[in-house]
>>> print(open('run.cif').read())   # mmCIF, C-alpha atoms
data_data
loop_
_atom_site.label_atom_id
_atom_site.label_comp_id
_atom_site.auth_asym_id
_atom_site.auth_seq_id
_atom_site.Cartn_x
_atom_site.Cartn_y
_atom_site.Cartn_z
CA MET A 1 9.97 -9.87 2.80
CA LYS A 2 10.14 -11.40 -0.67
CA LYS A 3 6.60 -12.74 -0.23
CA VAL A 4 5.38 -9.31 0.90
CA GLN A 5 6.96 -7.84 -2.23
CA ASP A 6 5.01 -10.37 -4.28
CA GLY A 7 1.77 -9.10 -2.74
CA ASP A 8 1.31 -11.49 0.18
CA PHE A 9 0.77 -8.79 2.82
CA SER A 10 -0.21 -11.36 5.46
CA LYS A 11 3.50 -12.21 5.79
CA MET A 12 3.98 -8.77 7.27
CA GLY A 13 2.40 -10.15 10.43
CA GLU A 14 5.32 -12.54 10.84
CA LEU A 15 7.80 -9.71 10.42
CA PHE A 16 5.88 -7.67 12.97
CA ASP A 17 5.96 -10.52 15.52
CA ARG A 18 9.68 -10.99 14.97
CA HIS A 19 10.83 -7.39 15.11
CA HIS A 20 8.36 -5.19 17.00
CA GLY A 21 10.07 -5.86 20.34
CA ALA A 22 13.46 -4.69 19.11
CA LEU A 23 11.90 -1.66 17.43
CA PHE A 24 10.01 -0.79 20.58
CA GLY A 25 13.29 -0.92 22.54
CA TYR A 26 14.93 1.36 19.98
CA PHE A 27 12.16 3.95 19.93
CA TYR A 28 11.55 3.86 23.66
CA ARG A 29 15.20 4.48 24.45
CA MET A 30 15.23 7.27 21.91
CA THR A 31 12.00 8.94 23.04
CA SER A 32 11.31 7.71 26.61
CA ASN A 33 7.66 7.58 25.56
CA ALA A 34 5.99 4.17 25.29
CA ALA A 35 2.82 5.25 23.44
CA GLN A 36 4.74 7.33 20.96
CA SER A 37 7.14 4.44 20.41
CA GLU A 38 4.24 2.19 19.48
CA ASP A 39 2.97 4.79 17.02
CA LEU A 40 6.41 5.01 15.47
CA ILE A 41 6.54 1.21 15.11
CA GLN A 42 3.24 1.35 13.19
CA ASN A 43 4.84 3.85 10.88
CA VAL A 44 7.88 1.66 10.34
CA PHE A 45 5.68 -1.21 9.20
CA TYR A 46 3.55 1.12 7.12
CA ARG A 47 6.65 2.34 5.31
CA LEU A 48 8.04 -1.18 4.96
CA LEU A 49 4.80 -1.98 3.12
CA LYS A 50 4.67 1.22 1.13
CA TYR A 51 8.27 1.04 -0.03
CA ARG A 52 8.47 -2.78 -0.20
CA HIS A 53 9.58 -2.63 -3.84
CA THR A 54 12.73 -0.73 -2.83
CA TYR A 55 14.01 -3.56 -0.63
CA LYS A 56 16.75 -5.55 -2.29
CA ASN A 57 17.24 -9.04 -1.04
CA ASP A 58 21.01 -8.64 -1.08
CA GLY A 59 21.18 -7.13 2.40
CA LYS A 60 20.06 -8.01 5.89
CA PHE A 61 16.42 -7.09 6.43
CA VAL A 62 17.13 -5.58 9.87
CA TYR A 63 19.51 -2.97 8.41
CA TRP A 64 16.80 -1.83 6.03
CA MET A 65 14.27 -1.85 8.86
CA TYR A 66 16.50 0.24 11.13
CA ALA A 67 17.30 2.62 8.28
CA ILE A 68 13.54 3.24 7.94
CA ALA A 69 13.10 3.46 11.73
CA ARG A 70 15.88 6.07 11.96
CA ASN A 71 14.27 8.17 9.24
CA ILE A 72 10.89 7.99 10.95
CA TYR A 73 12.42 9.08 14.24
CA LYS A 74 14.16 12.00 12.52
CA ASP A 75 11.02 12.99 10.61
CA GLN A 76 8.97 12.86 13.76
CA TYR A 77 11.29 15.18 15.57
CA ARG A 78 11.63 17.54 12.70
CA LYS A 79 7.84 17.45 12.32
CA LYS A 80 8.25 17.35 8.59
CA ASP A 81 6.39 14.22 7.73
CA PRO A 82 2.65 14.70 7.15
CA MET A 83 2.50 11.16 5.75
CA LEU A 84 2.96 9.42 9.08
CA TYR A 85 0.31 6.77 9.56
CA SER A 86 -2.05 7.49 12.41
CA ASP A 87 -5.28 6.06 13.67
CA GLU A 88 -7.82 7.22 16.19
CA LEU A 89 -6.01 5.39 18.97
CA SER A 90 -2.99 7.66 18.69
CA GLU A 91 -4.61 10.67 20.31
CA LEU A 92 -5.96 8.57 23.12
CA ASN A 93 -2.57 6.97 23.64
CA GLU A 94 -0.89 10.36 23.86
CA LYS A 95 -3.06 11.16 26.84
CA VAL A 96 -2.49 7.74 28.38
CA SER A 97 1.25 8.07 27.83
CA GLU A 98 1.43 11.03 30.20
CA ASP A 99 -0.08 8.90 32.96
CA MET A 100 2.10 5.97 32.01
CA ASN A 101 5.20 8.12 32.08
CA MET A 102 4.36 9.34 35.56
CA GLU A 103 3.78 5.81 36.76
CA GLU A 104 6.95 4.53 35.15
CA HIS A 105 8.88 7.39 36.63
CA MET A 106 7.68 6.61 40.14
CA GLU A 107 8.58 2.95 39.75
CA SER A 108 11.99 3.48 38.30
CA THR A 109 15.07 3.53 40.41
CA GLU A 110 16.88 6.73 41.13
CA GLN A 111 19.73 5.71 38.86
CA GLU A 112 17.39 4.83 36.04
CA ALA A 113 15.60 8.15 36.42
CA LEU A 114 18.91 9.95 36.29
CA LEU A 115 19.99 8.00 33.23
CA LYS A 116 16.71 8.65 31.45
CA LYS A 117 17.07 12.33 32.13
CA ALA A 118 20.65 12.31 30.89
CA MET A 119 19.73 10.31 27.79
CA LYS A 120 17.14 12.92 26.88
CA LYS A 121 19.69 15.69 27.22
CA ILE A 122 22.45 14.31 25.01
CA ASP A 123 22.56 14.94 21.29
CA PRO A 124 20.19 12.56 19.39
CA GLU A 125 23.03 11.32 17.14
CA LYS A 126 25.09 10.31 20.16
CA ARG A 127 22.04 8.81 21.86
CA GLU A 128 21.28 6.80 18.76
CA ALA A 129 24.85 5.51 18.43
CA ILE A 130 24.70 4.32 22.05
CA VAL A 131 21.25 2.75 21.69
CA LEU A 132 22.05 0.93 18.45
CA SER A 133 25.43 -0.34 19.67
CA LYS A 134 24.50 -1.17 23.24
CA PHE A 135 20.91 -2.44 22.96
CA GLN A 136 20.08 -3.28 19.37
CA GLY A 137 23.11 -5.47 18.78
CA LEU A 138 24.42 -3.54 15.80
CA LYS A 139 28.16 -3.27 15.20
CA TYR A 140 29.89 0.07 14.67
CA GLN A 141 30.49 -0.81 11.05
CA GLU A 142 26.79 -1.50 10.50
CA ILE A 143 25.70 1.69 12.25
CA ALA A 144 28.23 3.64 10.21
CA ALA A 145 26.88 2.18 6.96
CA MET A 146 23.29 3.00 7.94
CA SER A 147 24.19 6.52 9.05
CA ASP A 148 26.38 7.17 6.03
CA VAL A 149 29.35 8.21 8.17
CA SER A 150 32.69 6.60 8.99
CA GLU A 151 33.17 3.98 11.67
CA ASN A 152 35.44 6.43 13.50
CA ALA A 153 32.60 8.96 13.60
CA ILE A 154 30.38 6.36 15.30
CA LYS A 155 33.15 5.53 17.80
CA ALA A 156 33.47 9.23 18.59
CA ARG A 157 29.69 9.58 19.03
CA VAL A 158 29.60 6.66 21.47
CA ARG A 159 32.64 7.94 23.40
CA ARG A 160 31.32 11.49 23.65
CA GLY A 161 27.80 10.28 24.38
CA LEU A 162 28.98 8.15 27.29
CA MET A 163 31.14 10.97 28.64
CA GLU A 164 28.24 13.41 28.39
CA LEU A 165 25.89 10.99 30.14
CA ARG A 166 28.42 10.68 32.95
CA SER A 167 28.85 14.39 33.22
CA ILE A 168 25.09 15.10 33.25
CA MET A 169 24.47 12.43 35.87
CA GLU A 170 27.27 13.70 38.10
CA GLY A 171 26.00 17.27 37.74
CA ALA A 172 22.47 16.20 38.67
CA GLU A 173 23.73 14.30 41.71
CA LEU A 174 25.67 17.35 42.88
CA ASN A 175 22.60 19.57 42.53
CA GLU A 176 20.44 17.28 44.63
CA MET B 1 30.43 23.87 19.63
CA LYS B 2 32.98 22.41 22.00
CA GLU B 3 32.89 18.66 22.47
CA ILE B 4 33.18 17.11 25.89
CA ASP B 5 36.34 15.20 24.92
CA GLU B 6 38.07 18.29 23.59
CA PHE B 7 40.70 18.17 26.31
CA LEU B 8 41.12 14.42 26.15
CA SER B 9 44.53 13.43 24.79
CA LYS B 10 44.69 11.63 21.45
CA LYS B 11 46.00 8.61 23.29
CA CYS B 12 43.04 8.56 25.68
CA LYS B 13 40.61 8.92 22.78
CA GLU B 14 42.24 5.89 21.17
CA ALA B 15 42.10 3.98 24.46
CA SER B 16 38.41 4.87 24.91
CA ASP B 17 37.59 3.77 21.38
CA GLU B 18 39.41 0.50 21.95
CA LEU B 19 37.31 -0.04 25.06
CA THR B 20 33.94 0.84 23.50
CA LEU B 21 34.75 -1.32 20.48
CA LYS B 22 35.30 -4.25 22.82
CA LEU B 23 32.10 -3.37 24.66
CA ASN B 24 30.22 -3.22 21.36
CA GLN B 25 31.47 -6.68 20.50
CA ALA B 26 30.20 -7.86 23.91
CA GLU B 27 33.64 -9.12 24.85
CA ALA B 28 34.85 -6.54 27.34
CA THR B 29 35.03 -7.68 30.96
CA GLU B 30 36.49 -6.13 34.12
CA GLU B 31 39.72 -7.96 33.24
CA ASP B 32 39.83 -6.34 29.81
CA LEU B 33 39.31 -3.00 31.48
CA ASP B 34 42.20 -3.63 33.90
CA ILE B 35 44.48 -4.62 31.01
CA LEU B 36 43.56 -1.47 29.11
CA CYS B 37 44.17 0.64 32.22
CA LEU B 38 47.63 -0.88 32.54
CA LYS B 39 48.26 -0.22 28.86
CA TYR B 40 47.08 3.38 29.12
CA PRO B 41 47.78 4.42 32.76
CA ASP B 42 47.19 8.12 32.00
CA CYS B 43 43.70 7.34 30.80
CA GLU B 44 42.60 5.07 33.64
CA LYS B 45 40.01 7.48 35.07
CA THR B 46 38.37 8.07 31.68
CA LEU B 47 38.37 4.37 30.84
CA ARG B 48 36.80 3.35 34.15
CA GLU B 49 34.15 6.07 33.85
CA ILE B 50 33.24 5.00 30.32
CA PHE B 51 33.07 1.35 31.38
CA ASP B 52 30.95 2.21 34.42
CA THR B 53 28.52 4.36 32.40
CA TRP B 54 28.16 1.60 29.78
CA GLN B 55 27.33 -0.90 32.54
CA LYS B 56 24.85 1.49 34.17
CA LEU B 57 22.92 1.71 30.93
CA ASP B 58 21.66 -1.80 31.70
CA SER B 59 19.41 -0.27 34.35
CA LEU B 60 17.52 1.54 31.62
CA LYS B 61 14.45 -0.67 31.44
CA VAL B 62 11.91 -0.81 28.66
CA PRO B 63 8.23 -1.04 29.74
CA GLU B 64 5.79 -3.62 28.48
CA GLU B 65 4.16 -2.85 25.19
CA SER B 66 0.40 -2.29 25.20
CA SER B 67 -1.78 -5.37 24.79
CA ASP B 68 -3.52 -3.94 21.72
CA ARG B 69 -0.32 -3.55 19.70
CA ARG B 70 -1.20 -6.46 17.41
CA ASP B 71 -4.75 -5.17 16.88
CA ARG B 72 -3.38 -1.79 15.93
CA PHE B 73 -0.87 -3.38 13.56
CA TYR B 74 -3.55 -5.43 11.82
CA LYS B 75 -5.79 -2.37 11.57
CA MET B 76 -2.95 -0.52 9.86
CA LEU B 77 -2.35 -3.53 7.59
CA GLY B 78 -6.06 -3.62 6.74
CA ASP B 79 -6.04 0.13 5.96
CA PHE B 80 -3.00 -0.34 3.75
CA GLU B 81 -4.55 -3.25 1.86
CA LYS B 82 -7.73 -1.22 1.26
CA ASP B 83 -5.67 1.70 -0.07
CA ASN B 84 -3.72 -0.66 -2.24
CA GLU B 85 -6.87 -2.17 -3.69
CA LYS B 86 -8.16 1.32 -4.52
CA LYS B 87 -5.02 2.01 -6.49
CA ILE B 88 -5.35 -1.20 -8.49
CA PRO B 89 -9.11 -1.45 -9.07
CA ILE B 90 -10.67 -4.62 -10.31
CA THR B 91 -12.91 -3.31 -13.05
CA ASN B 92 -15.88 -5.61 -12.86
CA ALA B 93 -17.25 -8.55 -10.96
CA LYS B 94 -16.91 -10.85 -13.93
CA THR B 95 -13.15 -10.30 -14.14
CA PHE B 96 -12.83 -10.82 -10.41
CA ASP B 97 -14.88 -13.99 -10.28
CA TYR B 98 -13.10 -15.58 -13.16
CA SER B 99 -9.60 -14.25 -12.57
CA SER B 100 -8.12 -17.74 -12.18
CA LEU B 101 -9.74 -18.81 -15.40
CA LEU B 102 -8.47 -15.70 -17.19
CA LYS B 103 -4.99 -16.28 -15.84
CA PHE B 104 -5.08 -19.82 -17.14
CA ALA B 105 -6.35 -18.62 -20.51
CA ALA B 106 -3.59 -15.99 -20.69
CA VAL B 107 -0.92 -18.53 -19.88
CA LEU B 108 -2.34 -20.96 -22.44
CA VAL B 109 -2.65 -18.44 -25.27
CA ILE B 110 0.76 -16.89 -24.72
CA GLY B 111 2.20 -20.39 -24.32
CA ILE B 112 0.96 -21.28 -27.80
CA PHE B 113 2.76 -18.24 -29.19
CA ILE B 114 5.94 -19.20 -27.42
CA GLY B 115 5.62 -22.64 -28.92
CA ILE B 116 5.35 -21.12 -32.40
CA LEU B 117 8.21 -18.78 -31.62
CA SER B 118 10.48 -21.55 -30.35
CA THR B 119 9.80 -23.65 -33.45
CA ASN B 120 10.77 -20.73 -35.67
CA TYR B 121 13.95 -20.15 -33.70
CA ASN B 122 15.03 -23.76 -33.97
CA GLN B 123 14.89 -23.36 -37.72
CA ASN B 124 16.95 -20.20 -37.63
CA GLU B 125 20.70 -19.98 -37.25
CA ASN B 126 20.91 -16.39 -36.01
CA GLY B 127 20.62 -16.85 -32.26
CA THR B 128 21.48 -14.03 -29.78
CA ASP B 129 18.62 -11.55 -30.08
CA GLN B 130 16.10 -14.30 -30.70
CA ASN B 131 17.23 -16.24 -27.67
CA SER B 132 16.61 -13.18 -25.56
CA ASN B 133 13.15 -12.89 -27.17
CA THR B 134 12.38 -16.47 -26.18
CA SER B 135 13.68 -16.17 -22.65
CA ILE B 136 11.73 -12.96 -22.04
CA LEU B 137 8.56 -14.42 -23.49
CA THR B 138 8.95 -17.47 -21.27
CA SER B 139 8.81 -15.10 -18.31
CA VAL B 140 5.73 -13.37 -19.72
CA VAL B 141 3.80 -16.60 -19.04
CA SER B 142 5.01 -16.83 -15.45
CA THR B 143 2.28 -17.24 -12.85
CA SER B 144 3.92 -14.51 -10.75
CA THR B 145 2.62 -11.00 -11.52
CA THR B 146 6.00 -9.50 -10.57
CA GLU B 147 7.82 -11.77 -13.02
CA ARG B 148 5.34 -11.06 -15.82
CA LEU B 149 5.73 -7.31 -15.20
CA ALA B 150 9.52 -7.62 -15.27
CA ALA B 151 9.36 -9.67 -18.45
CA VAL B 152 7.12 -7.14 -20.19
CA GLN B 153 9.43 -4.31 -19.11
CA SER B 154 12.50 -6.13 -20.40
CA ILE B 155 10.95 -6.46 -23.88
CA LYS B 156 11.76 -2.76 -24.32
CA SER B 157 15.46 -3.64 -24.20
CA ILE B 158 15.23 -5.82 -27.34
CA ASP B 159 16.65 -3.92 -30.28
CA SER B 160 14.54 -5.41 -32.98
CA PRO B 161 11.79 -7.69 -31.71
CA GLU B 162 10.05 -10.23 -33.90
CA ASP B 163 6.40 -9.59 -34.80
CA GLN B 164 5.49 -12.54 -32.56
CA VAL B 165 6.68 -10.49 -29.59
CA PHE B 166 4.00 -7.91 -30.40
CA GLU B 167 1.47 -10.71 -30.69
CA ALA B 168 2.45 -11.94 -27.21
CA LEU B 169 2.16 -8.42 -25.81
CA TYR B 170 -1.20 -8.04 -27.53
CA GLN B 171 -2.37 -11.28 -25.91
CA ALA B 172 -1.18 -9.93 -22.55
CA ILE B 173 -3.13 -6.68 -23.11
CA ILE B 174 -6.36 -8.48 -23.82
CA ASN B 175 -5.98 -11.51 -21.53
CA ASP B 176 -3.73 -10.85 -18.56
CA PRO B 177 -5.75 -10.79 -15.33
CA ASN B 178 -3.51 -8.11 -13.81
CA ILE B 179 -4.23 -4.54 -14.90
CA ASN B 180 -0.63 -3.44 -14.32
CA VAL B 181 0.65 -6.14 -16.65
CA ARG B 182 -1.87 -4.97 -19.27
CA LEU B 183 -0.84 -1.32 -18.89
CA SER B 184 2.86 -2.23 -19.00
CA SER B 185 2.25 -4.24 -22.15
CA ILE B 186 0.68 -1.18 -23.79
CA GLU B 187 3.71 0.84 -22.77
CA ALA B 188 6.03 -1.85 -24.14
CA ILE B 189 4.26 -1.95 -27.52
CA LEU B 190 4.25 1.85 -27.63
CA HIS B 191 8.02 1.70 -27.29
CA PHE B 192 8.07 0.20 -30.80
CA ALA B 193 5.38 2.45 -32.23
CA ASP B 194 7.47 3.05 -35.36
CA ARG B 195 6.75 -0.57 -36.35
CA PRO B 196 3.41 -1.03 -38.20
CA ALA B 197 2.94 -4.45 -36.55
CA ALA B 198 3.14 -2.83 -33.10
CA ARG B 199 0.66 -0.05 -34.00
CA SER B 200 -1.85 -2.50 -35.47
CA LYS B 201 -1.81 -4.57 -32.28
CA LEU B 202 -2.55 -1.50 -30.16
CA ILE B 203 -5.55 -0.58 -32.29
CA LYS B 204 -6.78 -4.17 -32.39
CA ALA B 205 -6.58 -4.34 -28.59
CA LEU B 206 -8.96 -1.38 -28.21
CA VAL B 207 -11.99 -3.44 -29.14
CA TYR B 208 -11.36 -6.11 -26.56
CA GLN B 209 -10.89 -3.93 -23.49
CA ASP B 210 -13.42 -3.96 -20.71
CA SER B 211 -11.32 -1.98 -18.27
CA PRO B 212 -11.93 1.82 -18.41
CA ILE B 213 -8.33 2.52 -17.38
CA VAL B 214 -6.93 0.37 -20.17
CA GLN B 215 -9.47 1.81 -22.63
CA MET B 216 -8.44 5.37 -21.68
CA THR B 217 -4.75 4.52 -21.95
CA LEU B 218 -5.21 2.96 -25.37
CA ALA B 219 -7.30 5.91 -26.54
CA GLU B 220 -4.56 8.31 -25.43
CA VAL B 221 -1.98 6.19 -27.21
CA VAL B 222 -3.99 6.27 -30.42
CA ILE B 223 -4.25 10.08 -30.16
CA ARG B 224 -0.50 10.31 -29.65
CA LEU B 225 0.14 8.06 -32.64
CA GLN B 226 -2.40 9.95 -34.79
CA GLU B 227 -3.16 6.55 -36.23
CA GLU B 228 -5.73 6.84 -39.04
CA GLY B 229 -5.97 3.10 -39.22
CA ALA B 230 -7.74 3.17 -35.89
CA ILE B 231 -10.83 4.99 -37.23
CA GLU B 232 -12.86 1.85 -37.96
CA GLU B 233 -11.97 0.24 -34.63
CA LEU B 234 -12.83 3.40 -32.76
CA LYS B 235 -16.23 3.70 -34.51
CA GLN B 236 -16.94 0.08 -33.68
CA LEU B 237 -15.95 0.63 -30.06
CA ILE B 238 -18.09 3.75 -29.63
CA LYS B 239 -21.14 1.83 -30.90
CA THR B 240 -20.82 -0.70 -28.07
CA ASN B 241 -22.46 0.03 -24.76
CA GLN B 242 -19.58 -1.33 -22.70
CA LEU B 243 -17.68 1.93 -22.62
CA HIS B 244 -17.21 4.15 -19.62
CA PRO B 245 -18.90 7.54 -20.47
CA GLU B 246 -15.60 9.41 -20.08
CA VAL B 247 -13.84 6.96 -22.36
CA LYS B 248 -16.62 7.27 -24.92
CA MET B 249 -16.25 11.05 -24.90
CA GLN B 250 -12.51 10.81 -25.25
CA LEU B 251 -12.77 8.34 -28.09
CA LYS B 252 -15.19 10.66 -29.93
CA GLU B 253 -12.70 13.46 -29.54
CA THR B 254 -9.99 11.15 -30.79
CA LEU B 255 -12.06 10.33 -33.85
CA ASP B 256 -12.52 14.03 -34.61
CA THR B 257 -8.79 14.59 -34.51
CA LEU B 258 -7.98 11.66 -36.80
#
>>> encode(input="run.cif", output="structure tokens")
Amino acid sequence: MKKVQDGDFSKMGELFDRHHGALFGYFYRMTSNAAQSEDLIQNVFYRLLKYRHTYKNDGKFVYWMYAIARNIYKDQYRKKDPMLYSDELSELNEKVSEDMNMEEHMESTEQEALLKKAMKKIDPEKREAIVLSKFQGLKYQEIAAMSDVSENAIKARVRRGLMELRSIMEGAELNE
Amino acid sequence: MKEIDEFLSKKCKEASDELTLKLNQAEATEEDLDILCLKYPDCEKTLREIFDTWQKLDSLKVPEESSDRRDRFYKMLGDFEKDNEKKIPITNAKTFDYSSLLKFAAVLVIGIFIGILSTNYNQNENGTDQNSNTSILTSVVSTSTTERLAAVQSIKSIDSPEDQVFEALYQAIINDPNINVRLSSIEAILHFADRPAARSKLIKALVYQDSPIVQMTLAEVVIRLQEEGAIEELKQLIKTNQLHPEVKMQLKETLDTL
């Protein structure tokens, strides 16, 4: 990142190769939409470039990256950010994503489909705490620091999130 | 809004947190779960449900990313670089073609001034402020644009800079290949506008500018300073044909006000 800060933007390609997979996992689990997740990743790297001067080399790069990713996710869902990077592929991908989602849905197992449904229904803060702690390898302390809340608050979000997932899944099974 | 764990006892909340903390650290196994259930028998159902749900999350698969993801990334990177270039325009082909040469010239010229400055300091007993002058000026000759910018910015923190510092800034204004370094140098000199040596360098620099942005900035600075000493330089500058029409107009207006 230091080299990017010094104007060598080609180094951003290395960062993209290293981190896009993890970011895709984060956004996909948050949105359940593959095409949208890819758009959001573009925006993360756009903002990493745009705000490169604000990165201080005293912290882990991934924390900064996830802090930006979280903000982009929030902005997207609040629809408050007109600055989001977009290209002509985005519109096309939105259409494709509907087909992809249908296909993915058909292929997924019943349990996965139930979980996906439940994940969409729980509060985004709880969903995020689960995703970051379970899949992105971040510790409670790190998530708490990024979210500007206490570690206990993150523990509570994970606990409640898991209980809500369980409850939604059980309710769905009963209704079937 | 009521939370789902509202009716969970404090003890069971603690037990659940202990379990999820272990899960987060990737250490929790079925054995750990059994131990926790023995430790908190009243919370066994909750603990097993939380453990089970956590394990089930593994079935949540992530699809393959599209094959054009890299192309899209590099398109975005290209767009960003273009935007970035627009914000920091290179003013003419000559500057662009000979930027390495200019950089070398800037380093050489400023280096000579540092040499002079260092010699003077060795002869002088009063060290602290002068040492900071020398160390900052050493950074002004750095080959890294970021370091040169930082060095120019830090000059503003010197309480009473030597006249040679203004000379170094002047050399940066007329020689540095990076427009941001040149603009920062103007700003740094302006910071000491109460010093005649600083003002004279700003006026002197006007004649040597080929960048419209730097010319405009210097013209604005001269207006702000209401510097009558700039009249001759401004007249000389207006006579040349190298000026951007807008700059020429602004300089004429400046002359009228002086």
>>> residues_around(input="run.cif", residues="Glu164 in chain A", least_positions_apart="3", cutoff="8 Å", atoms="all atoms listed in the file", output="list in words")
Ile122, Arg160, Gly161, Ser167 and Ile168 of chain A; Ile4 of chain B
>>> write_last_selection(input="run.cif", atoms="C-alpha atoms", output="compact mmCIF listing (two decimals), in the coordinates of the input")
# COMPACT_ATOMS: atom_id res chain seq x y z
CA ILE A 122 22.45 14.31 25.01
CA ARG A 160 31.32 11.49 23.65
CA GLY A 161 27.80 10.28 24.38
CA SER A 167 28.85 14.39 33.22
CA ILE A 168 25.09 15.10 33.25
CA ILE B 4 33.18 17.11 25.89
>>> closest_atom_pairs(input="run.cif", of="chain B", to="chain A", cutoff="9 Å", atoms="all atoms listed in the file", output="JSON lines")
{"residue": "B:Glu3", "atom": "CA", "partner": "A:Arg160", "partner_atom": "CA", "distance": 7.4}
{"residue": "B:Ile4", "atom": "CA", "partner": "A:Arg160", "partner_atom": "CA", "distance": 6.3}
{"residue": "B:Asp5", "atom": "CA", "partner": "A:Arg160", "partner_atom": "CA", "distance": 6.4}
{"residue": "B:Lys13", "atom": "CA", "partner": "A:Arg159", "partner_atom": "CA", "distance": 8.1}
{"residue": "B:Ser16", "atom": "CA", "partner": "A:Arg159", "partner_atom": "CA", "distance": 6.7}
{"residue": "B:Asp17", "atom": "CA", "partner": "A:Lys155", "partner_atom": "CA", "distance": 6.0}
{"residue": "B:Thr20", "atom": "CA", "partner": "A:Arg159", "partner_atom": "CA", "distance": 7.2}
{"residue": "B:Leu21", "atom": "CA", "partner": "A:Lys155", "partner_atom": "CA", "distance": 7.5}
{"residue": "B:Leu23", "atom": "CA", "partner": "A:Lys134", "partner_atom": "CA", "distance": 8.0}
{"residue": "B:Asn24", "atom": "CA", "partner": "A:Ser133", "partner_atom": "CA", "distance": 5.8}
{"residue": "B:Gln25", "atom": "CA", "partner": "A:Lys139", "partner_atom": "CA", "distance": 7.1}
{"residue": "B:Ala26", "atom": "CA", "partner": "A:Lys134", "partner_atom": "CA", "distance": 8.8}
{"residue": "B:Thr46", "atom": "CA", "partner": "A:Met163", "partner_atom": "CA", "distance": 8.4}
{"residue": "B:Glu49", "atom": "CA", "partner": "A:Arg166", "partner_atom": "CA", "distance": 7.4}
{"residue": "B:Ile50", "atom": "CA", "partner": "A:Leu162", "partner_atom": "CA", "distance": 6.1}
{"residue": "B:Phe51", "atom": "CA", "partner": "A:Leu162", "partner_atom": "CA", "distance": 8.9}
{"residue": "B:Asp52", "atom": "CA", "partner": "A:Arg166", "partner_atom": "CA", "distance": 9.0}
{"residue": "B:Thr53", "atom": "CA", "partner": "A:Arg166", "partner_atom": "CA", "distance": 6.3}
{"residue": "B:Trp54", "atom": "CA", "partner": "A:Leu162", "partner_atom": "CA", "distance": 7.1}
{"residue": "B:Lys56", "atom": "CA", "partner": "A:Gln111", "partner_atom": "CA", "distance": 8.1}
{"residue": "B:Leu57", "atom": "CA", "partner": "A:Leu115", "partner_atom": "CA", "distance": 7.3}
{"residue": "B:Asp58", "atom": "CA", "partner": "A:Phe135", "partner_atom": "CA", "distance": 8.8}
{"residue": "B:Ser59", "atom": "CA", "partner": "A:Glu112", "partner_atom": "CA", "distance": 5.7}
{"residue": "B:Leu60", "atom": "CA", "partner": "A:Glu112", "partner_atom": "CA", "distance": 5.5}
{"residue": "B:Lys61", "atom": "CA", "partner": "A:Glu112", "partner_atom": "CA", "distance": 7.7}
{"residue": "B:Val62", "atom": "CA", "partner": "A:Gly25", "partner_atom": "CA", "distance": 6.3}
{"residue": "B:Pro63", "atom": "CA", "partner": "A:Ala34", "partner_atom": "CA", "distance": 7.2}
{"residue": "B:Glu64", "atom": "CA", "partner": "A:Ala34", "partner_atom": "CA", "distance": 8.4}
{"residue": "B:Glu65", "atom": "CA", "partner": "A:Ala34", "partner_atom": "CA", "distance": 7.3}
{"residue": "B:Ser66", "atom": "CA", "partner": "A:Ala35", "partner_atom": "CA", "distance": 8.1}
{"residue": "B:Arg69", "atom": "CA", "partner": "A:Glu38", "partner_atom": "CA", "distance": 7.3}
{"residue": "B:Arg70", "atom": "CA", "partner": "A:Phe16", "partner_atom": "CA", "distance": 8.4}
{"residue": "B:Arg72", "atom": "CA", "partner": "A:Gln42", "partner_atom": "CA", "distance": 7.8}
{"residue": "B:Phe73", "atom": "CA", "partner": "A:Gln42", "partner_atom": "CA", "distance": 6.3}
{"residue": "B:Tyr74", "atom": "CA", "partner": "A:Gly13", "partner_atom": "CA", "distance": 7.7}
{"residue": "B:Lys75", "atom": "CA", "partner": "A:Asp87", "partner_atom": "CA", "distance": 8.7}
{"residue": "B:Met76", "atom": "CA", "partner": "A:Tyr46", "partner_atom": "CA", "distance": 7.2}
{"residue": "B:Leu77", "atom": "CA", "partner": "A:Tyr46", "partner_atom": "CA", "distance": 7.5}
{"residue": "B:Phe80", "atom": "CA", "partner": "A:Tyr46", "partner_atom": "CA", "distance": 7.5}
{"residue": "B:Glu81", "atom": "CA", "partner": "A:Phe9", "partner_atom": "CA", "distance": 7.7}
{"residue": "B:Ser144", "atom": "CA", "partner": "A:Asp6", "partner_atom": "CA", "distance": 7.8}
{"residue": "B:Thr145", "atom": "CA", "partner": "A:Asp6", "partner_atom": "CA", "distance": 7.7}
{"residue": "B:Thr146", "atom": "CA", "partner": "A:Asp6", "partner_atom": "CA", "distance": 6.4}
>>> resolve_selection(input="run.cif", expression="the PyMOL selection byres ((chain B and resi 34) around 12)", output="PyMOL selection string")
chain B and resi 19+28-33+35-41+43-45+47-48+51
>>> closest_residue(input="run.cif", among="A:Glu151, A:Glu14, A:Glu125, A:Glu170", to="Arg70 in chain A", atoms="all atoms listed in the file")
A:Glu125
>>> atom_distance(input="run.cif", atom1="CA of Lys235 in chain B", atom2="CA of Val152 in chain B")
29.5 Å
>>> residues_near_point(input="run.cif", point="(2.6, -6.3, -20.2)", cutoff="7 Å", atoms="only C-alpha atoms", output="PyMOL selection string")
chain B and resi 149+152+169+172-173+181-186+188
>>> atom_distance(input="run.cif", atom1="CA of Glu253 in chain B", atom2="CA of Ala219 in chain B")
9.8 Å
>>> closest_residue(input="run.cif", among="B:Leu8, B:Leu255, B:Ile189, B:Ala230", to="Ile203 in chain B", atoms="all atoms listed in the file")
B:Ala230
